[in-house]
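Coordinates from final.cif are shown below (mmCIF, C-alpha atoms and all ligand atoms).
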```cif
data_coords
loop_
_atom_site.label_atom_id
_atom_site.label_comp_id
_atom_site.auth_asym_id
_atom_site.auth_seq_id
_atom_site.Cartn_x
_atom_site.Cartn_y
_atom_site.Cartn_z
CA MET P 9 120.52 111.69 105.57
CA ASN P 10 121.16 113.60 102.34
CA PRO P 11 119.88 112.25 98.98
CA SER P 12 123.27 110.87 97.89
CA ASP P 13 123.64 108.98 101.17
CA ARG P 14 120.12 107.58 100.80
CA LEU P 15 120.97 106.46 97.24
CA ASP P 16 124.17 104.85 98.50
CA ALA P 17 122.24 103.03 101.22
CA ILE P 18 119.66 101.72 98.74
CA ILE P 19 122.34 100.58 96.30
CA ALA P 20 124.36 98.97 99.11
CA GLY P 21 121.24 97.06 100.14
CA HIS P 22 121.41 95.21 96.82
CA SER P 23 125.17 94.63 96.90
CA GLY P 24 126.15 91.21 95.54
CA ARG P 25 122.73 90.65 94.04
CA GLU P 26 122.57 89.43 90.46
CA GLY P 27 120.72 91.91 88.25
CA PRO P 28 120.32 94.64 90.87
CA LEU P 29 119.18 97.47 88.58
CA LEU P 30 115.41 96.96 88.72
CA PRO P 31 115.26 96.32 92.47
CA ILE P 32 117.39 99.44 93.02
CA LEU P 33 115.14 101.49 90.74
CA ASN P 34 112.04 100.19 92.56
CA ASP P 35 113.47 101.16 95.94
CA ILE P 36 114.54 104.59 94.71
CA GLN P 37 111.12 105.23 93.17
CA ALA P 38 109.50 104.22 96.48
CA ALA P 39 111.88 106.32 98.59
CA PHE P 40 111.96 109.48 96.50
CA GLY P 41 108.80 109.25 94.42
CA CYS P 42 110.94 109.45 91.29
CA VAL P 43 114.17 108.40 89.60
CA ASP P 44 115.67 111.73 88.60
CA GLU P 45 118.85 112.54 86.68
CA HIS P 46 120.95 112.65 89.84
CA ALA P 47 119.78 109.15 90.78
CA LYS P 48 120.46 107.83 87.27
CA ARG P 49 124.03 109.16 87.34
CA HIS P 50 124.53 107.79 90.83
CA ILE P 51 123.25 104.33 89.88
CA ALA P 52 125.30 104.27 86.67
CA SER P 53 128.45 105.06 88.58
CA ALA P 54 127.75 102.53 91.33
CA LEU P 55 126.88 99.68 88.93
CA ASN P 56 129.55 100.56 86.36
CA LEU P 57 126.92 101.17 83.68
CA SER P 58 126.59 104.08 81.29
CA ARG P 59 124.01 106.72 82.14
CA ALA P 60 122.35 105.86 78.82
CA GLU P 61 121.93 102.23 79.91
CA VAL P 62 120.26 103.30 83.14
CA HIS P 63 118.14 105.89 81.31
CA GLY P 64 117.06 103.22 78.79
CA VAL P 65 115.68 101.02 81.55
CA VAL P 66 114.08 103.91 83.45
CA SER P 67 112.36 105.29 80.36
CA PHE P 68 111.07 101.83 79.37
CA TYR P 69 108.96 101.44 82.51
CA HIS P 70 106.13 103.92 83.10
CA ASP P 71 106.26 103.47 86.87
CA TYR P 72 109.56 105.33 87.11
CA LYS P 73 108.84 109.05 87.22
CA ALA P 74 111.26 111.87 86.40
CA GLN P 75 109.85 113.93 89.26
CA PRO P 76 107.57 113.11 92.18
CA SER P 77 103.83 113.50 91.69
CA ALA P 78 102.34 116.39 93.62
CA LEU P 79 99.07 114.49 94.06
CA PRO P 80 98.22 110.87 94.83
CA VAL P 81 98.11 108.71 91.72
CA VAL P 82 95.13 106.56 90.78
CA LYS P 83 96.19 104.03 88.15
CA LEU P 84 93.08 103.20 86.18
CA CYS P 85 93.36 100.19 83.91
CA ARG P 86 92.58 100.98 80.30
CA ALA P 87 93.54 97.64 78.74
CA GLU P 88 91.09 95.59 76.68
CA ALA P 89 89.25 93.62 79.38
CA CYS P 90 88.71 96.66 81.57
CA GLN P 91 87.78 98.72 78.51
CA ALA P 92 85.13 96.14 77.67
CA ARG P 93 83.77 96.61 81.18
CA GLY P 94 83.59 100.40 80.90
CA SER P 95 86.92 101.81 82.06
CA GLU P 96 86.96 104.50 79.37
CA ALA P 97 83.58 105.86 80.43
CA LEU P 98 84.65 105.55 84.06
CA ALA P 99 87.74 107.67 83.38
CA GLY P 100 85.53 110.33 81.83
CA ASP P 101 83.07 110.17 84.73
CA VAL P 102 85.68 110.93 87.38
CA THR P 103 87.82 113.48 85.56
CA GLY P 104 86.08 116.42 87.24
CA ILE P 105 85.99 114.74 90.65
CA ALA P 106 89.69 113.97 90.46
CA GLN P 107 90.72 117.51 89.62
CA GLY P 108 92.99 118.83 92.37
CA LYS P 109 92.68 115.60 94.40
CA CYS P 110 94.65 113.05 92.42
CA GLU P 111 96.21 112.21 89.09
CA ILE P 112 94.37 109.63 87.00
CA GLU P 113 97.02 107.62 85.18
CA ALA P 114 96.24 105.11 82.45
CA VAL P 115 97.83 101.70 82.98
CA TYR P 116 97.52 98.65 80.82
CA CYS P 117 96.50 95.61 82.86
CA LEU P 118 96.73 95.11 86.58
CA GLY P 119 96.35 91.34 86.28
CA LEU P 120 92.73 91.14 87.46
CA CYS P 121 91.09 91.21 84.05
CA SER P 122 88.01 89.17 84.97
CA VAL P 123 86.91 91.57 87.71
CA GLY P 124 87.42 94.94 86.04
CA PRO P 125 87.30 97.82 85.75
CA ASN P 126 90.25 97.97 88.11
CA ALA P 127 92.40 100.66 89.64
CA MET P 128 95.51 100.72 91.80
CA ILE P 129 96.22 103.29 94.49
CA GLY P 130 99.57 102.84 96.19
CA ASP P 131 99.96 99.09 96.65
CA ASN P 132 96.21 98.39 96.77
CA VAL P 133 94.17 97.18 93.83
CA TYR P 134 90.44 97.85 93.64
CA ALA P 135 88.18 95.76 91.42
CA ARG P 136 84.67 95.93 89.97
CA LEU P 137 84.74 99.71 90.08
CA ASP P 138 81.84 101.86 89.04
CA LYS P 139 81.49 105.62 89.13
CA GLN P 140 80.28 105.64 92.73
CA SER P 141 82.97 103.36 94.14
CA LEU P 142 85.80 105.11 92.28
CA GLN P 143 84.46 108.49 93.36
CA HIS P 144 84.43 107.24 96.96
CA LEU P 145 88.06 106.11 96.66
CA ILE P 146 89.14 109.46 95.22
CA GLU P 147 87.34 111.43 97.89
CA ALA P 148 89.04 109.32 100.58
CA LEU P 149 92.53 110.24 99.33
S1 LIG S 1 92.67 94.50 81.49
FE1 LIG S 1 92.37 95.60 83.32
S2 LIG S 1 93.28 94.30 84.79
FE2 LIG S 1 93.71 93.29 82.93
#
```

Translate the structure described by the file into structure tokens.
Amino acid sequence: MNPSDRLDAIIAGHSGREGPLLPILNDIQAAFGCVDEHAKRHIASALNLSRAEVHGVVSFYHDYKAQPSALPVVKLCRAEACQARGSEALAGDVTGIAQGKCEIEAVYCLGLCSVGPNAMIGDNVYARLDKQSLQHLIEAL
């Protein structure tokens, strides 16, 4: 199936749904690893929106990437509660370990503030991280 057909199939899967833009964007991000310009134009045309309207939503949310990541992404929480529990130092501790293995991306709250520092890899969230446990997760990627 070519990319345009895959986009059509994703969009058709949300046909008749009220407010389909975000669910469509989520599915496209999951399927392609990004929401690129072609996808934005395709969505705009299908939903009768301007490309600027679609771009405005895509650029508002950090989870939508312009191009797929070459490496797995480790989303390390850097919001206040996790910062208070050492996430900044943790990020510095694993920078060298992560090089060439994954991208460390700053995110701002994963909703588990009381058990930080936290990170998310794929759909899994990991809590109470320290240098050793985060290093172990990175090495397992
Ligand atoms: S501040 Fe890190 S999960 Fe909320």

From the set P:Leu29, P:Cys85, P:Leu137, P:Leu57, which residue has the shortest atom-to-atom contact distance to P:Tyr116, counting all atoms listed in the file?
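Comparing P:Leu29, P:Cys85, P:Leu137, P:Leu57 against P:Tyr116, the winner is P:Cys85.
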
Up to 12 Å from (87.8, 106.9, 85.5) in the file's coordinates: name the residues, counting all atoms listed in the file, as a ChimeraX atom specification.
/P:82-86,90-91,93-107,110-115,124-128,137-146

Can you measure atom CA of P:Leu118 to atom CA of P:Ile36 for me? One decimal in Å is fine.
21.8 Å

Which residue of P:Ser58, P:Gln37, P:Ser122, P:Ser12 approaches P:Ala74 most closely, using all atoms listed in the file
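Looking only at the distances to P:Ala74, the closest residue turns out to be P:Gln37.
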
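With all atoms listed in the file as the basis for measurement, P:Pro11 is the residue among P:Gly21, P:Pro11, P:Gly27, P:Gly64 that approaches P:Phe40 most closely.
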
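Going from atom CA of P:Ala60 over to atom CA of P:Val43, you cover 13.8 Å.
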
Atomic distance atom CA of P:Val65 - atom CA of P:Pro28, expressed in Å with one decimal:
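So the answer is 12.2 Å.
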
Selected residue, from P:Asp131, P:Glu88, P:Asp44, P:Glu147, that lies nearest to ligand LIG 1 (chain S) when counting all atoms listed in the file
P:Glu88

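The closest residue to P:Ile19, picked from P:Ala54, P:Val62, P:Cys42, P:Ala148 and counting only C-alpha atoms, is P:Ala54.
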
Shell of 9 Å around P:His50, all atoms listed in the file, local chain residues under 6 positions omitted, as JSON, numbers by chain:
{"P": [12, 15, 16, 59]}

Would you mind completing stretch 134-148 of chain P to N, CA, C and O atoms and writing the output as a tab-separated table (two decimals), keeping the file's coordinate frame?
```tsv
chain	number	residue	atom	x	y	z
P	134	TYR	N	91.88	97.82	93.42
P	134	TYR	CA	90.44	97.85	93.64
P	134	TYR	C	89.76	97.34	92.38
P	134	TYR	O	90.08	97.79	91.28
P	135	ALA	N	88.83	96.42	92.55
P	135	ALA	CA	88.18	95.76	91.42
P	135	ALA	C	86.70	96.12	91.35
P	135	ALA	O	86.14	96.70	92.29
P	136	ARG	N	86.11	95.73	90.22
P	136	ARG	CA	84.67	95.93	89.97
P	136	ARG	C	84.25	97.37	90.27
P	136	ARG	O	83.23	97.61	90.92
P	137	LEU	N	85.04	98.31	89.79
P	137	LEU	CA	84.74	99.71	90.08
P	137	LEU	C	83.60	100.22	89.22
P	137	LEU	O	83.46	99.84	88.06
P	138	ASP	N	82.81	101.08	89.80
P	138	ASP	CA	81.84	101.86	89.04
P	138	ASP	C	82.05	103.32	89.44
P	138	ASP	O	82.94	103.63	90.24
P	139	LYS	N	81.27	104.20	88.87
P	139	LYS	CA	81.49	105.62	89.13
P	139	LYS	C	81.44	105.93	90.62
P	139	LYS	O	82.29	106.63	91.15
P	140	GLN	N	80.46	105.35	91.31
P	140	GLN	CA	80.28	105.64	92.73
P	140	GLN	C	81.47	105.14	93.57
P	140	GLN	O	81.98	105.86	94.43
P	141	SER	N	81.89	103.92	93.32
P	141	SER	CA	82.97	103.36	94.14
P	141	SER	C	84.30	104.06	93.86
P	141	SER	O	85.08	104.31	94.77
P	142	LEU	N	84.55	104.40	92.59
P	142	LEU	CA	85.80	105.11	92.28
P	142	LEU	C	85.76	106.53	92.85
P	142	LEU	O	86.75	107.01	93.40
P	143	GLN	N	84.61	107.15	92.77
P	143	GLN	CA	84.46	108.49	93.36
P	143	GLN	C	84.73	108.43	94.87
P	143	GLN	O	85.41	109.28	95.42
P	144	HIS	N	84.21	107.40	95.52
P	144	HIS	CA	84.43	107.24	96.96
P	144	HIS	C	85.92	107.08	97.26
P	144	HIS	O	86.44	107.69	98.22
P	145	LEU	N	86.62	106.28	96.46
P	145	LEU	CA	88.06	106.11	96.66
P	145	LEU	C	88.81	107.41	96.49
P	145	LEU	O	89.71	107.74	97.27
P	146	ILE	N	88.46	108.18	95.48
P	146	ILE	CA	89.14	109.46	95.22
P	146	ILE	C	88.88	110.44	96.35
P	146	ILE	O	89.80	111.11	96.83
P	147	GLU	N	87.67	110.49	96.81
P	147	GLU	CA	87.34	111.43	97.89
P	147	GLU	C	88.03	111.06	99.20
P	147	GLU	O	88.27	111.90	100.05
P	148	ALA	N	88.37	109.78	99.36
P	148	ALA	CA	89.04	109.32	100.58
P	148	ALA	C	90.55	109.57	100.56
P	148	ALA	O	91.21	109.38	101.58
```
